[in-house]
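Data block below; observations after.
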Amino acid sequence: MTETTAVTATSAKGAPERATNRWLILVIACLAQFMVVLDATVVNVALPSIQRGLHFSPSSLQWVVNAYTLIFGGFLLLGGRAGDLLGRKRLFIVGVALFSGASLLNGLAQSSGMLIAGRGLQGLGGALLSPAALSIITTTFIEQEERTKALGVWSAIAAGGGAVGLIMGGVLTQLASWPWIFIVNVPVGVLTLIATLRFVPESRASLGHRSFDVAGAVTVTGGLVVLVYAIVKAQAFGWGSARTLGLIAGALALLAAFLVIEQRSAAPLIRLSIFRIRTLSVANAVLLLVASGLFGMFFFASLYVQEILGYSPLHAGLAFLPVTAGIAVGAGIAQQLIRRFGVRNVLLVGIVLATAGMVALARIPVHGTYAGDLLPGLLPMSIGMGLAFVPVTLLATGGVTGNDAGLASGLFNTSQQVGGSLGLAILSTLAASKTSSVLNGLHGSVSTAANVAARVSGYHIAFIAAAVMLGAAGVILAVALRPRHLEGLNLEELTPSAVAA
């Protein structure tokens with residue numbers, strides 16, 4: 001077997017299994033991750049059709065998205081550590097099976113309650129398979145040059161899946177019907193399961209124990225679920241309301257209890273000392289803010305092309321094709337630039353470029369055009385995101401040993417999901433507040449043109465706030481992660497064995 005093309009699995013009985021091509025393992029892991037990332041946005045364009053088909057009320061329709069986000073964000077850390085302890089392939093298989101089965105239930109849903117429940121099950125499946133998939137990649141690709149290439153592909157999937165979701169949502173909704181945005185996952189999931197059982201080797205952390213931190217799992221999962229719920233409902237309850245403040249206080253109390261439990265546990269769910277790895281801590285803080293801006297961009301850009309430019313679901317989906325291409329181009333360039341300029345500098349350039357694109361989007365007019373007003377913002381933003389996702393993934397996962405691969409992956413995915421939920425809630429609140437303020441300032445009856453102008457004003461505020469979030473991510477990176485912090489942790493030559501040593 002060659003050093004760069006194959007890995008050797010070890011069976012549960014200790015006997016060596018046949019060598020497996022590493023890049024085939026990457027394809028399998030990315031195929032599953034693509035389903036998860038795509039599902040976060042594929043329903044956005046289809047929401048009006050879902051509302052009519054299952055008779056959702058306006059207030060309950062948001063739970064088609066929120067049920068998925070809530071469960072996915074809440075269980076990611078638990079899923080990541082469970083993979084380390086119980087076996088990454090095992091958790092990956094369970095996650096793919098659960099996600100695919102829930103997708104079928106959603107496609108067959110006959111009521112709003114059935115669809116919301118199915119979306120929650122999808123979120124749980126995603127929380128199990130996503131960190132397992134990333135940790136499978138980081139433990140499969142040992143040499144840093146190969147790992148950089150593999151994570152470049154992974155990053156393109158993670159960053160571009162949201163845009164592809166908008167495209168597929170529009171295409172499937174208009175050409176078929178909304179159930180197909182879920183049913184399409186089923187054959188992909190079955191194919192992934194068959195390929196995983198045949199080609200992906202099992203791996204788990206060499207911790208010398210298999211005990212499970214139940215108290216830690218309950219408190220951190222409960223705290224994250226309550227926190228995400230508070231963020232999602234803050235727009236309806238009001239940020240200063242007793243219910244919102246009570247939920248946030250309850251979430252913080254649970255998370256504080258989790259920290260106390262982890263400090264005293266002999267086998268903690270999260271080894272808190274992992275946060276002493278500066279690259280990991282900074283990367284997760286940066287990703288939290290980057291995801292906040294990115295999720296908001298997809299949401300408001302989709303509203304603009306449909307509600308202001310008057311695009312059909314199909315045309316709205318196709319309008320995001322350049323975003324997908326831009327992210328892919330950025331991710332491909334990043335792999336080359338990292339070797340020459342380093343992960344920190346490439347990440348900074350990506351954030352700056354994405355911020356500039358977001359500022360351009362904040363200038364979209366009421367009587368705008370796609371090519372003249374929207375595309376000039378989408379292109380630099382998408383290329384910048386592609387440039388940013390590769391190095392931030394390397395920083396978040398490159399400085400840990402194989403024993404903590406699942407934990408690092410869970411932290412990384414949690415930062416992305418919670419950041420997206422937080423950002424979308426904040427941006428939606430700001431946009432709605434600005435729109436209401438503009439409308440309240442008008443005297444007499446409000447014309448259709450005035451209503452459209454008020455909505456666009458809200459979009460402007462949302463894009464400006466998203467640009468501020470991206471800018472803050474750049475400042476944190478520049479201030480908290482200096483070149484000297486990478487001197488003892490050379491990510492360009494890093495291998496897990498070097499870290500362990």
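Residue numbering restarts at 1 in every chain; chains get A, B, ... in the order shown in the structure tokens, and ligands count up from 1 in that same order.
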
Can you pull out the residues contacting A:Tyr459? Cut-off 12 Å, using only C-alpha atoms, and skip same-chain residues under 4 positions away; I want them as a PyMOL selection string.
chain A and resi 296-305+307-308+358-359+361-366+427-435+452-455+463-466

List every residue of stretch 68-227 of chain A that DSSP, applied to the backbone, labels as helix (DSSP H, G or I), and write the result as JSON, numbers by chain.
{"A": [68, 69, 70, 71, 72, 73, 74, 75, 76, 77, 78, 79, 80, 81, 82, 83, 84, 85, 86, 88, 89, 90, 91, 92, 93, 94, 95, 96, 97, 98, 99, 100, 101, 102, 103, 104, 105, 106, 107, 112, 113, 114, 115, 116, 117, 118, 119, 120, 121, 122, 123, 124, 125, 126, 127, 128, 129, 130, 131, 132, 133, 134, 135, 136, 137, 138, 139, 140, 144, 145, 146, 147, 148, 149, 150, 151, 152, 153, 154, 155, 156, 157, 158, 159, 160, 161, 162, 163, 164, 165, 166, 167, 168, 169, 170, 171, 172, 173, 174, 175, 180, 181, 182, 183, 185, 186, 187, 188, 189, 190, 191, 192, 193, 194, 195, 196, 197, 198, 199, 214, 215, 216, 217, 218, 219, 220, 221, 222, 223, 224, 225, 226, 227]}

My list of candidates is A:Lys149, A:Ala449, A:Val400, A:Leu115. Which is closest to A:Ser273 when distances are computed with only C-alpha atoms?
A:Val400

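Restricting the calculation to only C-alpha atoms, the smallest distance between A:Pro322 and any of A:Leu477, A:Leu374, A:Ile142, A:Ala46 is found for A:Leu374.
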
Which neighbours of A:Val96 fall inside 12 Å, counting only C-alpha atoms, when residues of the same chain fewer than 5 positions from it are skipped, and could you give them as a PyMOL selection string?
chain A and resi 28-36+89-91+101-103+121-133+185-197

Using only C-alpha atoms, please write the residues we just selected to a file, as a short mmCIF file (atom, residue, chain, number, x, y, z; two decimals), in the first residue's frame.
```
data_model
loop_
_atom_site.label_atom_id
_atom_site.label_comp_id
_atom_site.auth_asym_id
_atom_site.auth_seq_id
_atom_site.Cartn_x
_atom_site.Cartn_y
_atom_site.Cartn_z
CA ILE A 28 -18.37 9.30 1.42
CA ALA A 29 -17.98 11.71 4.38
CA CYS A 30 -18.57 14.77 2.20
CA LEU A 31 -21.64 13.20 0.59
CA ALA A 32 -23.30 12.87 3.99
CA GLN A 33 -22.19 16.33 5.09
CA PHE A 34 -23.59 17.79 1.89
CA MET A 35 -27.06 16.47 2.82
CA VAL A 36 -26.83 18.10 6.25
CA LYS A 89 -18.02 4.96 11.87
CA ARG A 90 -20.76 3.61 14.15
CA LEU A 91 -22.07 7.10 14.98
CA GLY A 101 -35.41 8.04 7.64
CA ALA A 102 -36.55 11.42 8.96
CA SER A 103 -36.28 12.86 5.44
CA LEU A 121 -35.29 14.00 13.96
CA GLN A 122 -33.35 15.27 10.95
CA GLY A 123 -31.51 17.67 13.22
CA LEU A 124 -30.60 14.87 15.61
CA GLY A 125 -29.29 12.73 12.75
CA GLY A 126 -27.22 15.65 11.50
CA ALA A 127 -25.78 16.25 14.97
CA LEU A 128 -24.56 12.64 15.06
CA LEU A 129 -23.17 12.33 11.53
CA SER A 130 -21.62 15.78 10.97
CA PRO A 131 -18.90 15.74 13.69
CA ALA A 132 -18.28 12.04 13.01
CA ALA A 133 -17.70 12.80 9.32
CA ASN A 185 -32.18 12.75 0.56
CA VAL A 186 -33.32 9.13 0.82
CA PRO A 187 -31.46 7.55 -2.14
CA VAL A 188 -28.38 9.63 -1.28
CA GLY A 189 -28.54 8.38 2.31
CA VAL A 190 -28.95 4.74 1.25
CA LEU A 191 -25.97 5.02 -1.10
CA THR A 192 -23.91 6.60 1.67
CA LEU A 193 -24.82 3.82 4.11
CA ILE A 194 -23.84 1.07 1.66
CA ALA A 195 -20.53 2.77 0.85
CA THR A 196 -19.76 3.40 4.55
CA LEU A 197 -20.35 -0.22 5.56
#
```

Close residues, stretch 215-225 of chain A itself excluded, 9 Å, only C-alpha atoms, min 2 positions apart in chain, as a ChimeraX atom specification
/A:70-78,212-213,227-230,250-259,261-262,265,268-270,418

Would you mind exporting the chosen residues as an mmCIF file, in the first residue's frame, restricted to C-alpha atoms?
```
data_model
loop_
_atom_site.group_PDB
_atom_site.id
_atom_site.type_symbol
_atom_site.label_atom_id
_atom_site.label_comp_id
_atom_site.auth_asym_id
_atom_site.auth_seq_id
_atom_site.Cartn_x
_atom_site.Cartn_y
_atom_site.Cartn_z
ATOM 1 C CA LEU A 70 -32.715 23.736 17.571
ATOM 2 C CA ILE A 71 -31.973 20.010 17.774
ATOM 3 C CA PHE A 72 -28.951 20.139 15.470
ATOM 4 C CA GLY A 73 -27.238 22.894 17.447
ATOM 5 C CA GLY A 74 -28.107 21.379 20.812
ATOM 6 C CA PHE A 75 -26.758 17.874 20.228
ATOM 7 C CA LEU A 76 -23.571 18.554 18.236
ATOM 8 C CA LEU A 77 -21.130 18.381 21.144
ATOM 9 C CA LEU A 78 -22.746 15.216 22.411
ATOM 10 C CA PHE A 212 -19.754 8.386 29.509
ATOM 11 C CA ASP A 213 -20.279 11.737 31.201
ATOM 12 C CA LEU A 227 -30.004 29.009 24.327
ATOM 13 C CA VAL A 228 -30.811 28.329 20.669
ATOM 14 C CA TYR A 229 -34.534 28.352 21.517
ATOM 15 C CA ALA A 230 -34.164 31.717 23.260
ATOM 16 C CA GLY A 250 -31.717 29.293 32.405
ATOM 17 C CA ALA A 251 -29.385 28.430 29.525
ATOM 18 C CA LEU A 252 -26.444 30.179 31.197
ATOM 19 C CA ALA A 253 -27.187 28.382 34.477
ATOM 20 C CA LEU A 254 -27.144 24.994 32.726
ATOM 21 C CA LEU A 255 -23.910 25.828 30.906
ATOM 22 C CA ALA A 256 -22.317 27.040 34.145
ATOM 23 C CA ALA A 257 -23.320 23.782 35.818
ATOM 24 C CA PHE A 258 -21.754 21.938 32.881
ATOM 25 C CA LEU A 259 -18.420 23.704 33.421
ATOM 26 C CA ILE A 261 -19.238 19.121 36.244
ATOM 27 C CA GLU A 262 -16.473 18.963 33.632
ATOM 28 C CA SER A 265 -15.404 14.636 36.198
ATOM 29 C CA PRO A 268 -15.390 14.608 31.074
ATOM 30 C CA LEU A 269 -17.455 15.011 27.941
ATOM 31 C CA ILE A 270 -15.287 18.024 27.050
ATOM 32 C CA VAL A 418 -25.193 28.346 16.930
#
```

Name the residues in contact with A:Ala425 at a cut-off of 9 Å, using only C-alpha atoms, excluding same-chain residues fewer than 6 positions from it; report them as a list in words.
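The contact residues come out as Ile231, Val232, Lys233, Ala234, Gln235 and Gly296 of chain A.
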